[in-house]
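Novice: I'm passing along entry04.cif; it holds mmCIF, C-alpha atoms.
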data_input
loop_
_atom_site.group_PDB
_atom_site.id
_atom_site.type_symbol
_atom_site.label_atom_id
_atom_site.label_comp_id
_atom_site.auth_asym_id
_atom_site.auth_seq_id
_atom_site.Cartn_x
_atom_site.Cartn_y
_atom_site.Cartn_z
ATOM 1 C CA MET A 172 119.617 133.834 119.130
ATOM 2 C CA SER A 173 118.851 130.168 118.473
ATOM 3 C CA LYS A 174 115.692 129.256 116.605
ATOM 4 C CA PRO A 175 112.894 127.230 118.257
ATOM 5 C CA SER A 176 113.031 123.522 117.426
ATOM 6 C CA ILE A 177 110.203 121.719 115.673
ATOM 7 C CA LEU A 178 109.596 118.235 114.320
ATOM 8 C CA VAL A 179 108.129 117.404 110.925
ATOM 9 C CA ALA A 180 107.001 113.840 111.508
ATOM 10 C CA ARG A 181 106.440 112.707 107.905
ATOM 11 C CA ALA A 182 107.780 113.682 104.489
ATOM 12 C CA ILE A 183 106.338 116.905 103.066
ATOM 13 C CA PHE A 184 106.975 119.092 100.038
ATOM 14 C CA PRO A 185 110.595 120.343 100.090
ATOM 15 C CA GLU A 186 109.569 123.961 99.522
ATOM 16 C CA VAL A 187 107.335 123.873 102.622
ATOM 17 C CA LEU A 188 110.181 122.349 104.615
ATOM 18 C CA GLN A 189 112.494 125.095 103.399
ATOM 19 C CA SER A 190 110.042 127.793 104.478
ATOM 20 C CA LEU A 191 109.904 126.275 107.960
ATOM 21 C CA ALA A 192 113.704 126.152 108.132
ATOM 22 C CA GLN A 193 113.823 129.934 107.776
ATOM 23 C CA VAL A 194 112.029 130.268 111.114
ATOM 24 C CA PHE A 195 112.854 127.089 113.056
ATOM 25 C CA GLU A 196 115.457 124.458 113.687
ATOM 26 C CA VAL A 197 113.738 121.601 111.881
ATOM 27 C CA GLU A 198 114.129 117.874 112.410
ATOM 28 C CA SER A 199 112.439 116.317 109.421
ATOM 29 C CA ASN A 200 111.522 112.833 108.294
ATOM 30 C CA GLN A 201 111.924 113.025 104.529
ATOM 31 C CA ALA A 202 112.644 109.283 104.561
ATOM 32 C CA ASP A 203 108.929 109.078 105.484
ATOM 33 C CA GLU A 204 109.312 106.407 108.125
ATOM 34 C CA VAL A 205 106.238 105.652 110.214
ATOM 35 C CA TRP A 206 107.589 105.851 113.751
ATOM 36 C CA SER A 207 106.445 103.805 116.694
ATOM 37 C CA ALA A 208 104.854 105.617 119.630
ATOM 38 C CA ALA A 209 108.107 105.320 121.583
ATOM 39 C CA GLU A 210 110.175 106.665 118.680
ATOM 40 C CA LEU A 211 107.776 109.580 118.204
ATOM 41 C CA ILE A 212 108.118 110.454 121.904
ATOM 42 C CA ARG A 213 111.895 110.354 121.545
ATOM 43 C CA ARG A 214 111.878 112.528 118.441
ATOM 44 C CA MET A 215 109.627 115.086 120.155
ATOM 45 C CA GLN A 216 112.184 115.725 122.897
ATOM 46 C CA GLY A 217 113.089 119.414 123.016
ATOM 47 C CA LYS A 218 110.587 120.365 120.282
ATOM 48 C CA VAL A 219 108.131 123.190 120.889
ATOM 49 C CA GLY A 220 106.075 122.356 117.811
ATOM 50 C CA ALA A 221 105.359 119.490 115.453
ATOM 51 C CA LEU A 222 103.777 118.982 112.056
ATOM 52 C CA THR A 223 101.981 115.647 111.961
ATOM 53 C CA THR A 224 99.743 113.520 109.763
ATOM 54 C CA GLY A 225 97.078 111.029 110.720
ATOM 55 C CA SER A 226 99.676 108.361 111.469
ATOM 56 C CA GLU A 227 101.064 110.138 114.569
ATOM 57 C CA ARG A 228 99.077 109.701 117.769
ATOM 58 C CA ILE A 229 99.264 112.679 120.122
ATOM 59 C CA ASP A 230 98.064 111.448 123.504
ATOM 60 C CA ALA A 231 98.594 111.955 127.226
ATOM 61 C CA THR A 232 101.626 109.656 127.340
ATOM 62 C CA LEU A 233 103.455 111.639 124.657
ATOM 63 C CA LEU A 234 102.449 114.955 126.197
ATOM 64 C CA GLN A 235 103.667 113.960 129.665
ATOM 65 C CA ALA A 236 107.042 113.053 128.176
ATOM 66 C CA ASN A 237 107.289 116.359 126.290
ATOM 67 C CA ALA A 238 106.215 119.142 128.623
ATOM 68 C CA GLN A 239 107.948 121.724 126.424
ATOM 69 C CA LEU A 240 105.577 121.089 123.495
ATOM 70 C CA LYS A 241 103.335 124.050 122.617
ATOM 71 C CA ILE A 242 101.587 123.201 119.343
ATOM 72 C CA VAL A 243 100.920 120.240 117.054
ATOM 73 C CA ALA A 244 99.687 121.042 113.539
ATOM 74 C CA ASN A 245 97.937 118.184 111.743
ATOM 75 C CA MET A 246 98.221 118.072 107.952
ATOM 76 C CA ALA A 247 94.632 116.857 107.643
ATOM 77 C CA VAL A 248 91.123 118.074 108.259
ATOM 78 C CA GLY A 249 90.468 115.022 110.441
ATOM 79 C CA PHE A 250 92.115 114.822 113.841
ATOM 80 C CA ASN A 251 91.128 111.507 115.404
ATOM 81 C CA ASN A 252 94.858 110.950 116.001
ATOM 82 C CA PHE A 253 94.708 113.807 118.527
ATOM 83 C CA ASP A 254 93.505 113.480 122.105
ATOM 84 C CA VAL A 255 92.324 117.074 122.072
ATOM 85 C CA SER A 256 91.216 117.016 125.721
ATOM 86 C CA ALA A 257 94.648 115.833 126.820
ATOM 87 C CA MET A 258 96.314 118.444 124.629
ATOM 88 C CA THR A 259 94.178 121.207 126.110
ATOM 89 C CA ALA A 260 94.947 120.039 129.645
ATOM 90 C CA ALA A 261 98.663 120.033 128.793
ATOM 91 C CA GLY A 262 98.516 123.534 127.317
ATOM 92 C CA VAL A 263 99.199 122.349 123.762
ATOM 93 C CA VAL A 264 97.389 123.917 120.815
ATOM 94 C CA ALA A 265 95.953 121.518 118.240
ATOM 95 C CA THR A 266 95.318 122.622 114.650
ATOM 96 C CA ASN A 267 94.037 121.026 111.460
ATOM 97 C CA THR A 268 93.635 122.070 107.810
ATOM 98 C CA PRO A 269 89.967 122.798 107.056
ATOM 99 C CA ASP A 270 88.620 124.447 103.899
ATOM 100 C CA VAL A 271 91.694 123.969 101.677
ATOM 101 C CA LEU A 272 90.710 120.391 100.795
ATOM 102 C CA THR A 273 86.920 120.725 100.685
ATOM 103 C CA GLU A 274 86.347 120.908 96.946
ATOM 104 C CA THR A 275 89.038 118.384 96.013
ATOM 105 C CA THR A 276 87.687 115.852 98.507
ATOM 106 C CA ALA A 277 84.127 116.436 97.317
ATOM 107 C CA ASP A 278 85.333 115.824 93.744
ATOM 108 C CA PHE A 279 86.848 112.524 94.795
ATOM 109 C CA GLY A 280 83.770 111.480 96.746
ATOM 110 C CA PHE A 281 81.738 111.901 93.618
ATOM 111 C CA ALA A 282 84.381 110.124 91.522
ATOM 112 C CA LEU A 283 84.276 107.168 93.913
ATOM 113 C CA LEU A 284 80.480 107.157 93.799
ATOM 114 C CA MET A 285 80.558 107.079 89.994
ATOM 115 C CA ALA A 286 83.164 104.329 89.887
ATOM 116 C CA THR A 287 81.198 102.268 92.382
ATOM 117 C CA ALA A 288 77.786 102.699 90.758
ATOM 118 C CA ARG A 289 79.120 102.031 87.254
ATOM 119 C CA ARG A 290 81.353 99.078 88.274
ATOM 120 C CA VAL A 291 84.508 100.686 86.870
ATOM 121 C CA THR A 292 87.054 98.704 88.902
ATOM 122 C CA GLU A 293 85.271 95.392 88.437
ATOM 123 C CA SER A 294 85.045 95.851 84.666
ATOM 124 C CA GLU A 295 88.676 96.960 84.368
ATOM 125 C CA HIS A 296 89.851 93.836 86.177
ATOM 126 C CA TYR A 297 87.734 91.783 83.765
ATOM 127 C CA LEU A 298 89.285 93.500 80.755
ATOM 128 C CA ARG A 299 92.860 93.224 82.059
ATOM 129 C CA ALA A 300 92.360 89.509 82.703
ATOM 130 C CA GLY A 301 91.598 89.008 78.992
ATOM 131 C CA LEU A 302 88.033 87.905 79.670
ATOM 132 C CA TRP A 303 86.307 90.415 77.385
ATOM 133 C CA LYS A 304 85.409 88.457 74.249
ATOM 134 C CA LYS A 305 82.137 90.046 73.161
ATOM 135 C CA TRP A 306 79.586 92.735 73.980
ATOM 136 C CA SER A 307 76.460 91.688 75.836
ATOM 137 C CA TYR A 308 73.377 93.651 76.888
ATOM 138 C CA ASP A 309 73.925 93.249 80.629
ATOM 139 C CA MET A 310 77.725 93.215 80.821
ATOM 140 C CA PHE A 311 78.657 95.184 83.962
ATOM 141 C CA ALA A 312 75.342 96.986 83.933
ATOM 142 C CA GLY A 313 75.449 99.183 87.010
ATOM 143 C CA ALA A 314 73.214 101.668 88.787
ATOM 144 C CA GLU A 315 72.025 105.035 87.546
ATOM 145 C CA VAL A 316 73.581 108.079 89.155
ATOM 146 C CA HIS A 317 71.759 110.968 87.489
ATOM 147 C CA GLY A 318 68.223 111.348 88.774
ATOM 148 C CA SER A 319 68.747 108.867 91.616
ATOM 149 C CA THR A 320 68.600 109.511 95.357
ATOM 150 C CA LEU A 321 71.806 110.270 97.258
ATOM 151 C CA GLY A 322 71.897 110.008 101.046
ATOM 152 C CA ILE A 323 74.732 111.873 102.775
ATOM 153 C CA ILE A 324 75.599 111.115 106.396
ATOM 154 C CA GLY A 325 77.676 114.026 107.697
ATOM 155 C CA MET A 326 76.830 117.394 106.198
ATOM 156 C CA GLY A 327 79.840 119.563 106.906
ATOM 157 C CA ARG A 328 81.768 121.472 104.256
ATOM 158 C CA ILE A 329 82.645 118.368 102.228
ATOM 159 C CA GLY A 330 79.174 116.862 102.514
ATOM 160 C CA GLN A 331 77.683 120.120 101.285
ATOM 161 C CA GLY A 332 80.115 120.136 98.362
ATOM 162 C CA ILE A 333 79.008 116.645 97.374
ATOM 163 C CA ALA A 334 75.352 117.616 97.745
ATOM 164 C CA ARG A 335 75.790 120.580 95.390
ATOM 165 C CA ARG A 336 77.475 118.393 92.778
ATOM 166 C CA ALA A 337 74.719 115.807 93.061
ATOM 167 C CA ALA A 338 71.742 118.151 92.988
ATOM 168 C CA HIS A 339 72.957 120.767 90.536
ATOM 169 C CA GLY A 340 75.155 118.608 88.306
ATOM 170 C CA PHE A 341 73.350 115.287 88.204
ATOM 171 C CA GLY A 342 69.775 116.143 89.096
ATOM 172 C CA MET A 343 69.874 113.858 92.122
ATOM 173 C CA LYS A 344 67.480 114.020 95.024
ATOM 174 C CA VAL A 345 69.647 114.675 98.074
ATOM 175 C CA LEU A 346 68.796 113.462 101.565
ATOM 176 C CA TYR A 347 71.058 114.061 104.531
ATOM 177 C CA ASN A 348 71.486 113.185 108.173
ATOM 178 C CA ASN A 349 73.696 115.178 110.497
ATOM 179 C CA ARG A 350 74.196 115.840 114.201
ATOM 180 C CA SER A 351 72.477 119.171 113.669
ATOM 181 C CA ARG A 352 70.246 120.364 110.886
ATOM 182 C CA LEU A 353 71.587 122.903 108.411
ATOM 183 C CA SER A 354 70.087 126.351 108.075
ATOM 184 C CA ALA A 355 67.226 126.729 105.650
ATOM 185 C CA GLN A 356 69.523 128.729 103.336
ATOM 186 C CA LEU A 357 72.182 126.007 103.241
ATOM 187 C CA GLU A 358 69.540 123.352 102.651
ATOM 188 C CA ALA A 359 68.235 125.380 99.731
ATOM 189 C CA ASP A 360 71.732 125.924 98.325
ATOM 190 C CA CYS A 361 72.375 122.172 98.436
ATOM 191 C CA LYS A 362 68.798 121.206 97.501
ATOM 192 C CA ALA A 363 69.040 118.816 100.438
ATOM 193 C CA THR A 364 66.329 117.417 102.713
ATOM 194 C CA TYR A 365 66.996 116.467 106.331
ATOM 195 C CA VAL A 366 65.780 112.973 107.281
ATOM 196 C CA SER A 367 66.437 110.422 109.999
ATOM 197 C CA LYS A 368 69.325 108.025 109.539
ATOM 198 C CA GLN A 369 66.898 105.122 109.207
ATOM 199 C CA ALA A 370 64.866 106.874 106.522
ATOM 200 C CA LEU A 371 68.033 107.758 104.635
ATOM 201 C CA LEU A 372 69.319 104.200 104.653
ATOM 202 C CA GLN A 373 65.988 102.780 103.556
ATOM 203 C CA THR A 374 65.414 105.333 100.783
ATOM 204 C CA ALA A 375 68.777 106.227 99.227
ATOM 205 C CA ASP A 376 70.079 104.616 96.068
ATOM 206 C CA HIS A 377 73.575 105.692 97.075
ATOM 207 C CA VAL A 378 74.821 106.375 100.619
ATOM 208 C CA MET A 379 77.857 108.625 101.134
ATOM 209 C CA LEU A 380 79.691 108.878 104.473
ATOM 210 C CA VAL A 381 81.395 112.208 105.211
ATOM 211 C CA LEU A 382 81.237 112.457 109.006
ATOM 212 C CA PRO A 383 84.171 112.878 111.418
ATOM 213 C CA TYR A 384 85.332 109.902 113.440
ATOM 214 C CA SER A 385 84.617 109.799 117.163
ATOM 215 C CA ALA A 386 83.610 107.232 119.748
ATOM 216 C CA GLU A 387 79.993 108.113 118.949
ATOM 217 C CA SER A 388 80.416 107.633 115.197
ATOM 218 C CA HIS A 389 82.311 104.324 115.487
ATOM 219 C CA HIS A 390 80.573 101.758 113.254
ATOM 220 C CA THR A 391 77.909 104.207 112.164
ATOM 221 C CA ILE A 392 77.404 101.625 109.426
ATOM 222 C CA GLY A 393 77.383 98.050 110.699
ATOM 223 C CA ALA A 394 75.431 94.897 109.965
ATOM 224 C CA ALA A 395 72.124 96.365 111.181
ATOM 225 C CA GLU A 396 72.473 99.466 109.025
ATOM 226 C CA LEU A 397 73.546 97.506 105.943
ATOM 227 C CA ALA A 398 70.440 95.358 106.367
ATOM 228 C CA GLN A 399 68.282 98.487 106.095
ATOM 229 C CA MET A 400 69.736 99.518 102.731
ATOM 230 C CA LYS A 401 68.269 98.570 99.372
ATOM 231 C CA PRO A 402 69.838 95.504 97.727
ATOM 232 C CA THR A 403 70.498 97.751 94.709
ATOM 233 C CA ALA A 404 72.172 100.490 96.787
ATOM 234 C CA THR A 405 75.826 101.487 96.981
ATOM 235 C CA LEU A 406 77.851 102.719 99.955
ATOM 236 C CA VAL A 407 80.799 105.132 99.725
ATOM 237 C CA ASN A 408 83.098 105.984 102.655
ATOM 238 C CA ILE A 409 85.487 108.937 102.308
ATOM 239 C CA ALA A 410 85.232 109.842 106.001
ATOM 240 C CA ARG A 411 87.459 107.821 108.316
ATOM 241 C CA GLY A 412 88.191 104.187 109.002
ATOM 242 C CA GLY A 413 86.043 102.903 111.834
ATOM 243 C CA ILE A 414 82.931 104.706 110.598
ATOM 244 C CA VAL A 415 82.125 101.428 108.810
ATOM 245 C CA ASP A 416 82.379 97.929 110.242
ATOM 246 C CA ASP A 417 84.602 96.606 107.453
ATOM 247 C CA ALA A 418 83.987 92.952 108.330
ATOM 248 C CA ALA A 419 80.227 93.422 108.198
ATOM 249 C CA LEU A 420 80.552 95.324 104.911
ATOM 250 C CA ALA A 421 82.578 92.513 103.331
ATOM 251 C CA GLN A 422 79.904 90.025 104.368
ATOM 252 C CA ALA A 423 77.127 92.202 102.969
ATOM 253 C CA LEU A 424 78.949 92.604 99.658
ATOM 254 C CA ALA A 425 79.667 88.880 99.375
ATOM 255 C CA ALA A 426 76.005 88.095 100.012
ATOM 256 C CA HIS A 427 74.882 90.861 97.597
ATOM 257 C CA GLN A 428 72.938 92.393 100.452
ATOM 258 C CA ILE A 429 73.928 95.711 98.863
ATOM 259 C CA ALA A 430 75.093 96.122 95.286
ATOM 260 C CA ALA A 431 78.544 97.651 95.739
ATOM 261 C CA ALA A 432 80.792 99.865 97.855
ATOM 262 C CA GLY A 433 83.550 102.405 97.323
ATOM 263 C CA ILE A 434 85.989 102.691 100.235
ATOM 264 C CA ASP A 435 88.862 105.171 100.628
ATOM 265 C CA VAL A 436 89.447 104.726 104.383
ATOM 266 C CA PHE A 437 89.753 101.593 106.482
ATOM 267 C CA GLU A 438 89.798 100.321 110.028
ATOM 268 C CA GLY A 439 93.434 99.944 111.072
ATOM 269 C CA GLU A 440 94.739 101.372 107.801
ATOM 270 C CA PRO A 441 97.028 100.874 105.975
ATOM 271 C CA SER A 442 95.881 97.329 106.735
ATOM 272 C CA VAL A 443 92.729 96.365 104.857
ATOM 273 C CA HIS A 444 90.316 93.694 106.053
ATOM 274 C CA PRO A 445 91.232 90.621 103.957
ATOM 275 C CA ASP A 446 87.605 89.838 103.140
ATOM 276 C CA LEU A 447 87.242 93.195 101.380
ATOM 277 C CA LEU A 448 90.045 92.125 99.047
ATOM 278 C CA LYS A 449 88.123 89.005 98.059
ATOM 279 C CA VAL A 450 84.855 90.560 96.884
ATOM 280 C CA PRO A 451 84.654 91.953 93.333
ATOM 281 C CA ASN A 452 81.905 94.512 93.928
ATOM 282 C CA VAL A 453 84.007 97.043 95.818
ATOM 283 C CA VAL A 454 86.241 99.912 94.696
ATOM 284 C CA LEU A 455 89.216 100.312 97.044
ATOM 285 C CA THR A 456 91.520 103.342 97.159
ATOM 286 C CA PRO A 457 94.349 104.088 99.634
ATOM 287 C CA HIS A 458 93.062 107.197 101.483
ATOM 288 C CA ILE A 459 93.566 109.564 98.538
ATOM 289 C CA ALA A 460 90.436 111.742 98.635
ATOM 290 C CA SER A 461 92.476 114.946 99.059
ATOM 291 C CA ALA A 462 95.342 113.803 96.845
ATOM 292 C CA THR A 463 95.960 116.456 94.254
ATOM 293 C CA ILE A 464 99.310 118.234 94.185
ATOM 294 C CA GLN A 465 97.694 121.637 94.627
ATOM 295 C CA THR A 466 95.550 120.572 97.575
ATOM 296 C CA ARG A 467 98.221 118.572 99.380
ATOM 297 C CA LYS A 468 100.595 121.549 99.065
ATOM 298 C CA ALA A 469 97.906 123.820 100.494
ATOM 299 C CA MET A 470 97.392 121.409 103.404
ATOM 300 C CA ALA A 471 101.112 121.247 104.149
ATOM 301 C CA GLN A 472 101.443 125.014 103.912
ATOM 302 C CA LEU A 473 98.495 125.641 106.235
ATOM 303 C CA ALA A 474 99.954 123.251 108.808
ATOM 304 C CA ALA A 475 103.303 125.057 108.516
ATOM 305 C CA ASP A 476 101.608 128.464 108.737
ATOM 306 C CA ASN A 477 99.879 127.373 111.943
ATOM 307 C CA LEU A 478 103.264 126.580 113.490
ATOM 308 C CA VAL A 479 104.732 129.901 112.419
ATOM 309 C CA ALA A 480 101.704 131.918 113.500
ATOM 310 C CA TYR A 481 101.453 130.388 116.940
ATOM 311 C CA LEU A 482 105.135 130.134 117.807
ATOM 312 C CA THR A 483 105.977 133.648 116.581
ATOM 313 C CA ARG A 484 102.743 135.568 117.224
ATOM 314 C CA GLY A 485 100.852 133.457 119.745
ATOM 315 C CA GLN A 486 97.789 132.944 117.546
ATOM 316 C CA ALA A 487 97.130 129.765 115.531
ATOM 317 C CA LEU A 488 95.196 130.145 112.277
ATOM 318 C CA THR A 489 92.889 127.123 112.557
ATOM 319 C CA PRO A 490 92.890 125.988 116.207
ATOM 320 C CA LEU A 491 90.842 123.028 117.370
ATOM 321 C CA ASN A 492 91.027 123.923 121.059
ATOM 322 C CA THR A 493 91.137 126.927 123.345
ATOM 323 C CA LEU A 494 93.712 126.772 126.095
ATOM 324 C CA PRO A 495 92.782 127.622 129.680
ATOM 325 C CA GLY A 496 93.229 131.308 130.403
ATOM 326 C CA THR A 497 93.061 132.372 126.745
ATOM 327 C CA ALA A 498 90.255 134.042 124.857
ATOM 328 C CA ALA A 499 88.022 131.837 122.730
#
Translate the structure of the given file into structure tokens.
Specialist:
Amino acid sequence: MSKPSILVARAIFPEVLQSLAQVFEVESNQADEVWSAAELIRRMQGKVGALTTGSERIDATLLQANAQLKIVANMAVGFNNFDVSAMTAAGVVATNTPDVLTETTADFGFALLMATARRVTESEHYLRAGLWKKWSYDMFAGAEVHGSTLGIIGMGRIGQGIARRAAHGFGMKVLYNNRSRLSAQLEADCKATYVSKQALLQTADHVMLVLPYSAESHHTIGAAELAQMKPTATLVNIARGGIVDDAALAQALAAHQIAAAGIDVFEGEPSVHPDLLKVPNVVLTPHIASATIQTRKAMAQLAADNLVAYLTRGQALTPLNTLPGTAA
């Protein structure tokens, strides 16, 4: 009996690919090409499942051209590359990889906050350029982290992980804003206080963005929001590109409207707004918040396990949608 055919749309760890090959006929992309929408549609022909990353858009056009498709497993916790409504209507299960990257991403969020507040990138560039000739009392003097106020917008698993690090590790006062308020127990665990978005922006010494991308969250931070922040404040985005208006942020940084920013995700990435590349008071990283070997392997394996579980047993491990006629 022939094996079901699946597509692995980007390069993944060879051992995960080998485990998939034991169950499926696998077309892989170990050359790691980023395919056009038309090429992705072509590659999906005849495939009942696919393992994707954030660079593959799964929309109504692709689904209409691939009626045989049953599941698409995203190797990410975010899924703004999925039109989940269209997938549900087409009878295609969507999955992501929650939990396995929570602590690693929270670690990186705090690392980016520290680097931003303490001007690590700016000072390294100065040193590498041979400009360091003497010590001075105010050379790259940054902002305090310990004992300061952290405002977190988006208080899911990762936001809560950052809050715990801030409150318990650095004695920070933690404010948060979220679509829904956490339980009293979770607030106590995180030592976090729920406030309005406006109050958070006006009060926080450091603002951290950890909310999912959607039409509603597009440009959660734009010119108006940046104007509400303290001139000494920092902004860190480890959420998704599009949460921040990158052009407005570059202008605010150039004008020293806020002190600094740390950005791991960008509008239209891998392209970066050219004005962000011109300002010194920003730390820029290429979407690496979950990038440890252990965590990326766990993400790839969970995506693979979702394919195996659904296509062999009819039950995905971490589904994002419930198909019509199936139990929730």
Novice: Evaluate the PyMOL selection byres ((chain A and resi 432-442) around 6) against this structure - the residues, as a list in words, please.
Specialist: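 Selected by the PyMOL selection byres ((chain A and resi 432-442) around 6) in this file: Leu283, Thr287, Thr405, Leu406, Val407, Asn408, Ile409, Arg411, Gly412, Gly413, Ala431, Val443, Val453, Val454, Leu455, Thr456, Pro457 and His458 of chain A.
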Novice: Can you tell me which residues surround range 375-387 of chain A at a distance of at most 8 Å, considering only C-alpha atoms, apart from same-chain residues fewer than 6 positions away, and format the answer as a ChimeraX atom specification?
Specialist: /A:249,251,280,284,319-327,329-330,346,400-401,403-414
Novice: Could you tell me which of A:Ala359, A:Asp203, A:Ala244, A:Leu211 comes closest to Ala480 in chain A if we count all atoms listed in the file?
Specialist: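 Between A:Ala359, A:Asp203, A:Ala244, A:Leu211, the residue approaching Ala480 in chain A most closely is A:Ala244.
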Novice: Extract, using all atoms listed in the file, all DNA, RNA and protein residues at most 12 Å from Thr466 in chain A, discarding same-chain residues fewer than 2 positions from it, and format them as a list in words.
Specialist: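 Here the qualifying residues turn out to be Phe184, Met246, Ala247, Val248, Thr268, Pro269, Asp270, Val271, Leu272, Thr273, Glu274, Thr275, Thr276, Asp278, Ile459, Ala460, Ser461, Ala462, Thr463, Ile464, Lys468, Ala469, Met470, Ala471, Gln472 and Leu473 of chain A.
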Novice: Suppose we keep C-alpha atoms; can you now write the selection as a short mmCIF file (atom, residue, chain, number, x, y, z; two decimals), in the frame of the given file?
Specialist:
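As written to disk, result.cif reads:
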data_model
loop_
_atom_site.label_atom_id
_atom_site.label_comp_id
_atom_site.auth_asym_id
_atom_site.auth_seq_id
_atom_site.Cartn_x
_atom_site.Cartn_y
_atom_site.Cartn_z
CA PHE A 184 106.98 119.09 100.04
CA MET A 246 98.22 118.07 107.95
CA ALA A 247 94.63 116.86 107.64
CA VAL A 248 91.12 118.07 108.26
CA THR A 268 93.64 122.07 107.81
CA PRO A 269 89.97 122.80 107.06
CA ASP A 270 88.62 124.45 103.90
CA VAL A 271 91.69 123.97 101.68
CA LEU A 272 90.71 120.39 100.80
CA THR A 273 86.92 120.72 100.68
CA GLU A 274 86.35 120.91 96.95
CA THR A 275 89.04 118.38 96.01
CA THR A 276 87.69 115.85 98.51
CA ASP A 278 85.33 115.82 93.74
CA ILE A 459 93.57 109.56 98.54
CA ALA A 460 90.44 111.74 98.64
CA SER A 461 92.48 114.95 99.06
CA ALA A 462 95.34 113.80 96.84
CA THR A 463 95.96 116.46 94.25
CA ILE A 464 99.31 118.23 94.18
CA LYS A 468 100.60 121.55 99.06
CA ALA A 469 97.91 123.82 100.49
CA MET A 470 97.39 121.41 103.40
CA ALA A 471 101.11 121.25 104.15
CA GLN A 472 101.44 125.01 103.91
CA LEU A 473 98.50 125.64 106.24
#
Novice: Determine the residue membership of the PyMOL selection byres ((chain A and resi 494) around 6) for the file above and supply it as an MDAnalysis selection string.
Specialist: chainID A and resid 259 262 493 495 497
Novice: Let me make sure I understand: among A:Leu482, A:Ala192, A:Pro402, A:Thr374, which one has the smallest atom-to-atom distance to His427 in chain A if we use all atoms listed in the file?
Specialist: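 Of A:Leu482, A:Ala192, A:Pro402, A:Thr374, the one nearest His427 in chain A, counting all atoms listed in the file, is A:Pro402.
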Novice: So how many Å separate CA of Ser294 in chain A and CA of Ile429 in chain A, to one decimal?
Specialist: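 Atom-to-atom, CA of Ser294 in chain A to CA of Ile429 in chain A, that is 18.0 Å.
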Novice: Output the residue selection produced by the PyMOL selection byres ((chain A and resi 177) around 6) on the file above, formatted as a tab-separated table (two decimals) with C-alpha atoms, in the frame of the given file.
Specialist:
chain	number	residue	atom	x	y	z
A	176	SER	CA	113.03	123.52	117.43
A	178	LEU	CA	109.60	118.24	114.32
A	197	VAL	CA	113.74	121.60	111.88
A	218	LYS	CA	110.59	120.36	120.28
A	219	VAL	CA	108.13	123.19	120.89
A	220	GLY	CA	106.08	122.36	117.81
A	221	ALA	CA	105.36	119.49	115.45
Novice: Taking all atoms of range 306-322 of chain A that appear in the file, build a box with edges along x, y and z, extend it by 4 Å on every side, and state its centre and edge lengths in Å to one decimal, as lines of an AutoDock Vina configuration file.
Specialist:
center_x = 73.9
center_y = 101.5
center_z = 87.5
size_x = 19.4
size_y = 27.7
size_z = 35.1
Novice: Pick the closest to Thr483 in chain A from A:Leu447, A:Val194, A:Ala338, A:Val179: which is it, counting all atoms listed in the file?
Specialist: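 Of A:Leu447, A:Val194, A:Ala338, A:Val179, the one nearest Thr483 in chain A, counting all atoms listed in the file, is A:Val194.
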Novice: Can you tell me how far CA of Val479 in chain A sits from CA of Leu191 in chain A, in Å to one decimal?
Specialist: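 We find that CA of Val479 in chain A and CA of Leu191 in chain A lie 7.7 Å from each other.
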Novice: Just the number, please: distance in Å from CA of Trp206 in chain A to CA of Ala487 in chain A, one decimal.
Specialist: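 Computed distance, CA of Trp206 in chain A to CA of Ala487 in chain A, equals 26.2 Å.
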